[in-house]
>>> print(open('final16.csv').read())   # CSV, C-alpha atoms and all ligand atoms
chain,number,residue,atom,x,y,z
X,1,MET,CA,-8.1,67.3,-13.5
X,2,GLU,CA,-8.4,67.2,-17.2
X,3,LYS,CA,-9.2,63.8,-18.5
X,4,ILE,CA,-7.6,62.7,-21.8
X,5,LEU,CA,-10.2,60.7,-23.7
X,6,ARG,CA,-8.7,58.4,-26.1
X,7,LYS,CA,-11.1,56.9,-28.6
X,8,ARG,CA,-11.2,53.1,-28.6
X,9,PRO,CA,-10.4,51.8,-32.0
X,10,THR,CA,-13.4,50.4,-33.8
X,11,PHE,CA,-13.5,47.1,-35.7
X,12,ALA,CA,-12.6,49.0,-38.9
X,13,ASP,CA,-9.7,50.9,-37.2
X,14,TYR,CA,-8.2,47.6,-36.1
X,15,LEU,CA,-8.6,46.0,-39.5
X,16,GLU,CA,-7.2,48.8,-41.4
X,17,GLY,CA,-4.3,49.3,-38.9
X,18,ILE,CA,-3.3,45.6,-39.1
X,19,LYS,CA,-3.6,45.7,-42.9
X,20,ARG,CA,-1.2,48.6,-43.1
X,21,HIS,CA,1.2,46.9,-40.7
X,22,ASP,CA,0.8,49.4,-38.0
X,23,LYS,CA,2.6,48.2,-34.9
X,24,ILE,CA,0.6,50.2,-32.4
X,25,ILE,CA,-2.7,49.0,-33.6
X,26,THR,CA,-1.4,45.5,-33.8
X,27,ALA,CA,-0.3,45.8,-30.1
X,28,GLN,CA,-3.7,47.0,-29.2
X,29,ALA,CA,-5.3,44.1,-31.0
X,30,ILE,CA,-3.1,41.7,-29.1
X,31,THR,CA,-4.3,43.3,-25.8
X,32,LEU,CA,-7.8,42.8,-27.0
X,33,VAL,CA,-7.3,39.1,-27.7
X,34,GLU,CA,-5.7,38.7,-24.2
X,35,SER,CA,-8.7,40.4,-22.6
X,36,GLN,CA,-11.3,38.4,-20.6
X,37,LEU,CA,-14.1,41.0,-20.9
X,38,PRO,CA,-17.1,39.7,-22.8
X,39,ALA,CA,-17.3,42.7,-25.1
X,40,ASP,CA,-13.6,42.4,-26.0
X,41,ILE,CA,-13.9,38.7,-26.6
X,42,ASP,CA,-16.6,39.3,-29.2
X,43,LEU,CA,-14.7,42.1,-31.0
X,44,ALA,CA,-11.4,40.0,-30.9
X,45,GLU,CA,-13.2,37.1,-32.5
X,46,LYS,CA,-14.6,39.3,-35.2
X,47,ILE,CA,-11.1,40.7,-35.9
X,48,ILE,CA,-9.4,37.3,-36.0
X,49,GLU,CA,-12.1,36.0,-38.3
X,50,ALA,CA,-11.6,39.0,-40.7
X,51,ILE,CA,-7.8,38.6,-40.8
X,52,LEU,CA,-7.7,34.8,-41.2
X,53,PRO,CA,-7.2,35.1,-45.0
X,54,LEU,CA,-4.1,37.2,-44.3
X,55,THR,CA,-2.4,34.7,-42.0
X,56,GLY,CA,-0.2,31.7,-42.4
X,57,ASN,CA,2.6,33.3,-44.4
X,58,SER,CA,5.3,33.2,-41.7
X,59,ILE,CA,7.6,30.7,-40.3
X,60,ARG,CA,6.8,30.1,-36.6
X,61,ILE,CA,9.8,29.2,-34.5
X,62,GLY,CA,9.7,28.2,-30.8
X,63,ILE,CA,12.8,28.9,-28.8
X,64,THR,CA,13.3,27.4,-25.4
X,65,GLY,CA,16.0,26.9,-22.8
X,66,PRO,CA,16.7,27.3,-19.1
X,67,PRO,CA,17.2,30.8,-17.6
X,68,GLY,CA,20.7,32.0,-18.3
X,69,VAL,CA,21.3,29.9,-21.3
X,70,GLY,CA,21.4,33.0,-23.5
X,71,LYS,CA,17.9,33.1,-25.1
X,72,SER,CA,17.5,36.8,-25.1
X,73,THR,CA,21.1,37.4,-26.3
X,74,PHE,CA,20.6,34.9,-29.0
X,75,ILE,CA,17.3,36.4,-30.1
X,76,GLU,CA,19.0,39.8,-30.3
X,77,SER,CA,21.7,38.5,-32.6
X,78,PHE,CA,19.4,36.2,-34.6
X,79,GLY,CA,16.8,39.1,-34.9
X,80,GLU,CA,19.4,41.5,-36.1
X,81,PHE,CA,20.6,39.0,-38.7
X,82,LEU,CA,17.1,38.4,-39.9
X,83,THR,CA,16.1,42.1,-40.1
X,84,HIS,CA,19.3,42.8,-42.1
X,85,ALA,CA,18.3,40.0,-44.4
X,86,GLY,CA,15.0,42.0,-45.0
X,87,LYS,CA,12.7,40.0,-42.7
X,88,LYS,CA,10.2,41.5,-40.3
X,89,ILE,CA,10.3,39.6,-37.1
X,90,ALA,CA,7.9,39.4,-34.1
X,91,VAL,CA,9.1,38.1,-30.8
X,92,LEU,CA,6.5,36.8,-28.4
X,93,ALA,CA,7.9,36.0,-25.0
X,94,ILE,CA,5.8,33.7,-22.8
X,95,ASP,CA,6.4,34.1,-19.2
X,96,PRO,CA,4.9,31.3,-17.1
X,97,SER,CA,6.6,32.6,-13.9
X,98,SER,CA,4.4,35.6,-13.7
X,99,THR,CA,1.3,33.6,-12.8
X,100,LEU,CA,3.1,31.3,-10.4
X,101,THR,CA,5.3,33.8,-8.5
X,102,LYS,CA,3.8,37.1,-9.6
X,103,GLY,CA,7.4,37.8,-10.6
X,104,SER,CA,8.8,37.7,-14.1
X,105,ILE,CA,11.7,35.9,-15.7
X,106,LEU,CA,11.2,37.1,-19.3
X,107,GLY,CA,9.4,40.3,-18.8
X,108,ASP,CA,12.1,42.7,-17.6
X,109,LYS,CA,12.6,45.7,-19.9
X,110,THR,CA,16.4,45.4,-20.3
X,111,ARG,CA,16.1,42.3,-22.4
X,112,MET,CA,16.7,42.7,-26.2
X,113,GLU,CA,17.4,46.4,-26.0
X,114,ASN,CA,18.7,46.7,-29.6
X,115,LEU,CA,16.0,44.7,-31.1
X,116,SER,CA,13.3,46.6,-29.3
X,117,ARG,CA,14.6,49.7,-31.2
X,118,ASN,CA,14.6,48.0,-34.5
X,119,ALA,CA,11.9,49.2,-36.8
X,120,ASN,CA,11.4,45.8,-38.4
X,121,ALA,CA,11.1,44.0,-35.1
X,122,PHE,CA,8.2,43.8,-32.6
X,123,ILE,CA,8.7,42.4,-29.1
X,124,ARG,CA,5.7,41.4,-27.0
X,125,PRO,CA,5.6,39.6,-23.7
X,126,SER,CA,2.6,37.3,-23.8
X,127,ALA,CA,0.3,37.2,-20.8
X,128,THR,CA,-0.5,33.7,-19.8
X,129,GLY,CA,-3.7,34.4,-17.9
X,130,ASN,CA,-4.3,32.0,-15.0
X,131,THR,CA,-3.8,28.8,-16.8
X,132,LEU,CA,-1.6,27.2,-19.4
X,133,GLY,CA,-4.6,27.1,-21.6
X,134,GLY,CA,-4.3,30.8,-21.6
X,135,VAL,CA,-0.9,30.4,-23.3
X,136,THR,CA,-2.5,28.5,-26.1
X,137,ASN,CA,-5.4,30.7,-26.8
X,138,ALA,CA,-4.0,34.2,-26.6
X,139,THR,CA,-0.6,33.3,-28.1
X,140,LYS,CA,-2.1,31.4,-31.0
X,141,GLU,CA,-4.3,34.4,-31.8
X,142,THR,CA,-1.3,36.8,-31.3
X,143,ILE,CA,0.6,34.7,-33.9
X,144,LEU,CA,-2.3,35.2,-36.4
X,145,LEU,CA,-2.4,39.0,-35.7
X,146,CYS,CA,1.4,39.3,-36.2
X,147,GLU,CA,1.2,37.4,-39.5
X,148,ALA,CA,-1.6,39.6,-40.8
X,149,ALA,CA,0.4,42.6,-39.7
X,150,GLY,CA,3.2,41.5,-42.1
X,151,PHE,CA,5.7,39.8,-39.8
X,152,ASP,CA,7.4,36.9,-41.7
X,153,VAL,CA,9.3,35.3,-38.9
X,154,ILE,CA,7.6,34.8,-35.5
X,155,LEU,CA,9.8,33.8,-32.6
X,156,ILE,CA,8.0,32.4,-29.5
X,157,GLU,CA,10.2,32.3,-26.5
X,158,THR,CA,9.6,30.2,-23.4
X,159,VAL,CA,11.7,29.4,-20.3
X,160,GLY,CA,12.5,25.7,-20.5
X,161,VAL,CA,10.9,24.8,-17.2
X,162,GLY,CA,7.8,22.9,-17.9
X,163,GLN,CA,4.5,22.5,-19.6
X,164,SER,CA,4.5,25.7,-21.5
X,165,GLU,CA,7.0,24.2,-23.9
X,166,VAL,CA,4.5,21.5,-24.8
X,167,ALA,CA,1.9,24.2,-25.5
X,168,VAL,CA,4.3,26.1,-27.6
X,169,ARG,CA,5.5,23.0,-29.5
X,170,ASP,CA,1.9,22.7,-30.6
X,171,MET,CA,1.8,26.1,-32.2
X,172,VAL,CA,5.1,26.4,-34.1
X,173,ASP,CA,6.6,25.0,-37.2
X,174,PHE,CA,10.2,24.6,-35.8
X,175,PHE,CA,11.2,24.1,-32.2
X,176,LEU,CA,14.7,25.2,-31.2
X,177,LEU,CA,16.2,24.1,-27.9
X,178,LEU,CA,19.1,26.2,-26.5
X,179,VAL,CA,21.6,24.4,-24.2
X,180,MET,CA,24.8,25.4,-22.6
X,181,ALA,CA,28.0,23.4,-22.5
X,182,GLY,CA,28.7,23.3,-18.8
X,183,ALA,CA,31.3,21.4,-16.9
X,184,GLY,CA,31.1,17.6,-17.1
X,185,ASP,CA,27.8,15.9,-17.5
X,186,GLU,CA,25.7,18.8,-18.8
X,187,LEU,CA,23.6,16.6,-21.0
X,188,GLN,CA,22.2,14.7,-18.0
X,189,GLY,CA,20.2,17.8,-17.1
X,190,ILE,CA,18.3,18.0,-20.4
X,191,LYS,CA,15.1,16.1,-20.2
X,192,LYS,CA,14.7,13.5,-22.9
X,193,GLY,CA,11.2,14.6,-23.5
X,194,ILE,CA,12.3,18.2,-24.4
X,195,MET,CA,15.1,16.9,-26.6
X,196,GLU,CA,12.6,14.8,-28.5
X,197,MET,CA,10.5,17.9,-29.2
X,198,ALA,CA,13.4,19.8,-30.8
X,199,ASP,CA,14.0,20.2,-34.5
X,200,GLY,CA,17.3,21.9,-33.8
X,201,ILE,CA,19.6,22.3,-30.8
X,202,VAL,CA,21.9,25.2,-30.3
X,203,VAL,CA,24.8,25.0,-28.0
X,204,THR,CA,25.2,28.6,-26.8
X,205,LYS,CA,28.2,30.6,-25.7
X,206,ALA,CA,30.7,28.8,-28.0
X,207,ASP,CA,33.4,31.4,-27.7
X,208,GLY,CA,36.6,32.0,-25.8
X,209,ASP,CA,37.5,29.2,-23.4
X,210,ASN,CA,34.2,27.6,-24.0
X,211,VAL,CA,34.7,26.6,-27.7
X,212,LYS,CA,36.1,23.1,-27.0
X,213,ARG,CA,33.5,22.3,-24.4
X,214,ALA,CA,30.7,23.5,-26.8
X,215,GLN,CA,32.1,21.2,-29.6
X,216,HIS,CA,32.1,18.2,-27.2
X,217,ALA,CA,28.6,19.0,-26.1
X,218,LYS,CA,27.6,19.1,-29.8
X,219,LEU,CA,29.0,15.6,-30.4
X,220,ASP,CA,27.3,14.2,-27.3
X,221,LEU,CA,24.0,15.7,-28.4
X,222,GLN,CA,24.3,14.4,-31.9
X,223,ASN,CA,25.0,10.9,-30.5
X,224,ALA,CA,22.0,11.2,-28.2
X,225,LEU,CA,19.8,12.3,-31.1
X,226,HIS,CA,20.7,9.3,-33.1
X,227,LEU,CA,19.0,7.1,-30.5
X,228,PHE,CA,15.6,8.7,-31.2
X,229,ASN,CA,13.2,7.4,-33.9
X,230,THR,CA,12.8,9.4,-37.1
X,231,PRO,CA,10.0,12.0,-36.3
X,232,PRO,CA,6.9,12.3,-38.5
X,233,SER,CA,8.4,15.3,-40.2
X,234,GLN,CA,11.2,13.0,-41.6
X,235,TRP,CA,13.5,15.8,-40.5
X,236,LEU,CA,16.5,14.7,-38.5
X,237,PRO,CA,17.2,17.3,-35.8
X,238,ARG,CA,20.6,19.0,-36.0
X,239,VAL,CA,23.0,20.5,-33.5
X,240,VAL,CA,24.7,23.9,-34.1
X,241,THR,CA,27.2,25.6,-31.9
X,242,SER,CA,26.7,29.4,-31.6
X,243,SER,CA,28.0,32.5,-30.1
X,244,ALA,CA,26.2,35.8,-29.8
X,245,ILE,CA,29.6,37.5,-29.3
X,246,THR,CA,31.3,36.2,-32.5
X,247,ASN,CA,28.0,35.5,-34.4
X,248,LEU,CA,29.2,32.0,-34.9
X,249,GLY,CA,26.3,29.8,-36.1
X,250,ILE,CA,23.7,32.5,-36.4
X,251,GLU,CA,23.5,32.2,-40.2
X,252,ASP,CA,23.7,28.4,-40.1
X,253,ILE,CA,20.7,28.3,-37.7
X,254,TRP,CA,18.6,30.3,-40.2
X,255,LYS,CA,19.8,28.1,-43.1
X,256,MET,CA,18.8,25.0,-41.0
X,257,ILE,CA,15.3,26.4,-40.5
X,258,GLU,CA,15.0,27.3,-44.2
X,259,GLN,CA,16.0,23.7,-45.1
X,260,TYR,CA,13.5,22.3,-42.6
X,261,ALA,CA,10.8,24.4,-44.3
X,262,ASP,CA,11.9,23.1,-47.7
X,263,VAL,CA,11.9,19.5,-46.7
X,264,THR,CA,8.6,19.6,-44.8
X,265,LYS,CA,6.8,21.6,-47.5
X,266,GLN,CA,7.9,19.1,-50.0
X,267,ASN,CA,6.7,16.1,-48.0
X,268,ASP,CA,3.5,18.0,-46.9
X,269,PHE,CA,4.3,17.7,-43.2
X,270,PHE,CA,4.4,21.5,-42.9
X,271,SER,CA,0.8,22.1,-43.8
X,272,ILE,CA,-0.5,18.9,-42.3
X,273,ASN,CA,1.2,19.8,-39.0
X,274,ARG,CA,-0.5,23.2,-39.0
X,275,GLN,CA,-3.9,21.7,-39.7
X,276,GLN,CA,-3.4,19.3,-36.8
X,277,GLN,CA,-2.3,22.1,-34.6
X,278,ASP,CA,-5.5,24.0,-35.5
X,279,ILE,CA,-7.6,21.0,-34.7
X,280,SER,CA,-5.9,20.5,-31.3
X,281,TRP,CA,-6.4,24.2,-30.6
X,282,PHE,CA,-10.1,23.8,-31.4
X,283,HIS,CA,-10.4,20.9,-29.0
X,284,SER,CA,-8.5,22.5,-26.1
X,285,SER,CA,-10.4,25.8,-26.6
X,286,MET,CA,-13.7,23.9,-26.6
X,287,GLN,CA,-12.8,22.1,-23.4
X,288,ARG,CA,-11.7,25.3,-21.7
X,289,MET,CA,-14.8,27.2,-22.8
X,290,ILE,CA,-17.2,24.4,-21.8
X,291,LYS,CA,-15.5,24.3,-18.4
X,292,LYS,CA,-15.8,28.0,-18.0
X,293,GLU,CA,-19.3,28.6,-19.4
X,294,ILE,CA,-21.1,25.4,-18.3
X,295,VAL,CA,-19.2,23.7,-15.5
X,296,ASP,CA,-18.2,26.8,-13.6
X,297,GLY,CA,-21.5,28.5,-14.4
X,298,ILE,CA,-23.7,25.7,-13.1
X,299,ALA,CA,-21.7,23.9,-10.5
X,300,SER,CA,-20.5,26.7,-8.2
X,301,ALA,CA,-16.9,27.1,-7.0
X,302,GLU,CA,-18.1,26.0,-3.5
X,303,LYS,CA,-19.6,22.8,-4.9
X,304,ILE,CA,-16.4,22.0,-6.7
X,305,LYS,CA,-14.4,22.7,-3.6
X,306,GLU,CA,-16.7,20.5,-1.5
X,307,LEU,CA,-16.3,17.6,-4.0
X,308,GLU,CA,-12.5,18.1,-3.9
X,309,GLU,CA,-12.5,17.8,-0.2
X,310,LYS,CA,-14.6,14.6,-0.3
X,311,ILE,CA,-12.2,13.2,-2.9
X,312,MET,CA,-9.3,13.9,-0.6
X,313,ALA,CA,-11.1,12.3,2.4
X,314,LYS,CA,-11.8,9.3,0.2
X,315,GLU,CA,-15.6,9.8,0.7
X,316,ILE,CA,-16.2,9.8,-3.1
X,317,SER,CA,-14.2,8.8,-6.1
X,318,ALA,CA,-13.1,11.3,-8.7
X,319,SER,CA,-15.3,9.8,-11.4
X,320,ALA,CA,-18.3,9.7,-9.1
X,321,ALA,CA,-17.7,13.4,-8.3
X,322,CYS,CA,-17.6,14.1,-12.0
X,323,ASN,CA,-20.8,12.2,-12.6
X,324,LEU,CA,-22.5,14.4,-9.9
X,325,ILE,CA,-21.5,17.5,-11.8
X,326,VAL,CA,-22.7,16.1,-15.1
X,327,LYS,CA,-26.1,15.3,-13.4
X,328,MET,CA,-26.3,18.8,-12.1
X,329,ILE,CA,-25.7,20.2,-15.6
X,330,LYS,CA,-28.2,17.8,-17.2
X,331,GLN,CA,-30.9,18.7,-14.6
X,332,ARG,CA,-30.3,22.4,-15.3
X,333,PHE,CA,-30.6,21.9,-19.1
X,334,ALA,CA,-33.7,19.7,-18.6
X,335,LYS,CA,-35.4,22.8,-17.0
X,336,ILE,CA,-34.7,25.0,-19.9
I,401,LIG,P1,18.4,34.0,-20.9
I,401,LIG,O1,18.0,34.0,-19.5
I,401,LIG,O2,18.3,32.6,-21.5
I,401,LIG,O3,17.6,35.0,-21.8
I,401,LIG,O4,19.9,34.4,-21.0
I,401,LIG,P2,20.6,35.8,-21.4
I,401,LIG,O5,20.5,36.1,-22.9
I,401,LIG,O6,20.1,36.9,-20.5
I,401,LIG,O7,22.2,35.5,-21.1
I,401,LIG,C1,22.6,35.1,-19.8
I,401,LIG,C2,24.1,35.5,-19.7
I,401,LIG,O8,24.9,34.9,-20.6
I,401,LIG,C3,24.3,37.0,-19.9
I,401,LIG,O9,25.2,37.5,-19.0
I,401,LIG,C4,24.9,37.1,-21.3
I,401,LIG,O10,25.7,38.2,-21.5
I,401,LIG,C5,25.6,35.8,-21.4
I,401,LIG,N1,25.7,35.3,-22.8
I,401,LIG,C6,24.7,35.2,-23.7
I,401,LIG,N2,25.1,34.7,-24.9
I,401,LIG,C7,26.4,34.6,-24.8
I,401,LIG,C8,27.4,34.2,-25.8
I,401,LIG,O11,27.1,33.8,-26.9
I,401,LIG,N3,28.7,34.2,-25.3
I,401,LIG,C9,29.0,34.5,-24.0
I,401,LIG,N4,30.3,34.4,-23.7
I,401,LIG,N5,28.1,34.9,-23.1
I,401,LIG,C10,26.8,35.0,-23.5
>>> encode(input="final16.csv", output="structure tokens")
Amino acid sequence: MEKILRKRPTFADYLEGIKRHDKIITAQAITLVESQLPADIDLAEKIIEAILPLTGNSIRIGITGPPGVGKSTFIESFGEFLTHAGKKIAVLAIDPSSTLTKGSILGDKTRMENLSRNANAFIRPSATGNTLGGVTNATKETILLCEAAGFDVILIETVGVGQSEVAVRDMVDFFLLLVMAGAGDELQGIKKGIMEMADGIVVTKADGDNVKRAQHAKLDLQNALHLFNTPPSQWLPRVVTSSAITNLGIEDIWKMIEQYADVTKQNDFFSINRQQQDISWFHSSMQRMIKKEIVDGIASAEKIKELEEKIMAKEISASAACNLIVKMIKQRFAKI
């Protein structure tokens, strides 16, 4: 059988490809930053370092909402609108379900069919690895690669089911929550915590019979938002009704995000927030790497398992177990 040998891109290939906004090379570079292989990690680091001066020039938007609320349909309409307006957009879909159930909520290929054919759009499901920490690391670097590759709007989509929203909130400029006007007490189902993270809320499917219900939901949400304290951005979150069928609200949502950028650039929150996000990225990466390289490297998985069992059996406290690990690490370093 004839083997097709494809040359692996070199550092220079990656760099030039990203600089000339080549989507294929950019996708390969993303695969590289997602890789756990030591050789890939080193090359990925070198690439990220080299492209850093080209990053930061996009608006990073987080989009979340429960399955079925209309995220992918919204992103199709919103993405079409943005590309018509001359923007280049990247959509990064984070799918936490794949690590939990080995299945996938966001990953199926039928989603965003039109947008995936659009030359000015780039859609990429983001691998989460085994931990939520994986979301932060690979996705953060993917954002940087997309910025260097010339994308000026980055949409990061998550299913509104848990912690991944908190991780995403920490890497975007604007956080958009999608909700659906259901029958009766729909607002009860939205967690206060997730509402507090939102800079904008979209009531989806405001068309046909649903228009009135969507308007009511909007008023309820606006009233609920009034009860929250003014956030550090000084931006008061807004609620917009929207329909992917009639395109209601699509332009308003973009205008809202532009206004947010204006307000927060004027009061400096925009850049301070990004700096703080980078610092928290540094700390979480450091913790993860120390855990992987030092804790897992010195205290074996069996030792950790043994301590977990002792904690469960109340034979040892969690902090005493921790101290034992620290002692093991110190002893190992003392020998070097
Ligand atoms: P996701 O799981 O949040 O990505 O939701 P989808 O975008 O897949 O949408 C779920 C369902 O809602 C699909 O059957 C869509 O056709 C429908 N849908 C999405 N947006 C709208 C809308 O604006 N109006 C109406 N009437 N239906 C919509």
>>> closest_residue(input="final16.csv", among="X:Phe151, X:Trp254, X:Phe78, X:Phe270", to="X:Leu54", atoms="all atoms listed in the file")
X:Phe151
>>> residues_near_ligand(input="final16.csv", ligand="ligand LIG 401 (chain I)", cutoff="9 Å", atoms="all atoms listed in the file", output="ChimeraX atom specification")
/X:64-76,105-106,111-112,159,178,204-210,242-248
>>> atom_distance(input="final16.csv", atom1="atom CA of X:Ile47", atom2="atom CA of X:Ala29")
8.3 Å
>>> closest_residue(input="final16.csv", among="X:Asp170, X:Asp199, X:Glu141, X:Glu49", to="X:Thr26", atoms="only C-alpha atoms")
X:Glu141
>>> atom_distance(input="final16.csv", atom1="atom CA of X:Thr139", atom2="atom CA of X:Ile298")
28.6 Å
>>> closest_residue(input="final16.csv", among="X:Asp296, X:Met195, X:Phe174, X:Gly200", to="X:Thr264", atoms="all atoms listed in the file")
X:Phe174
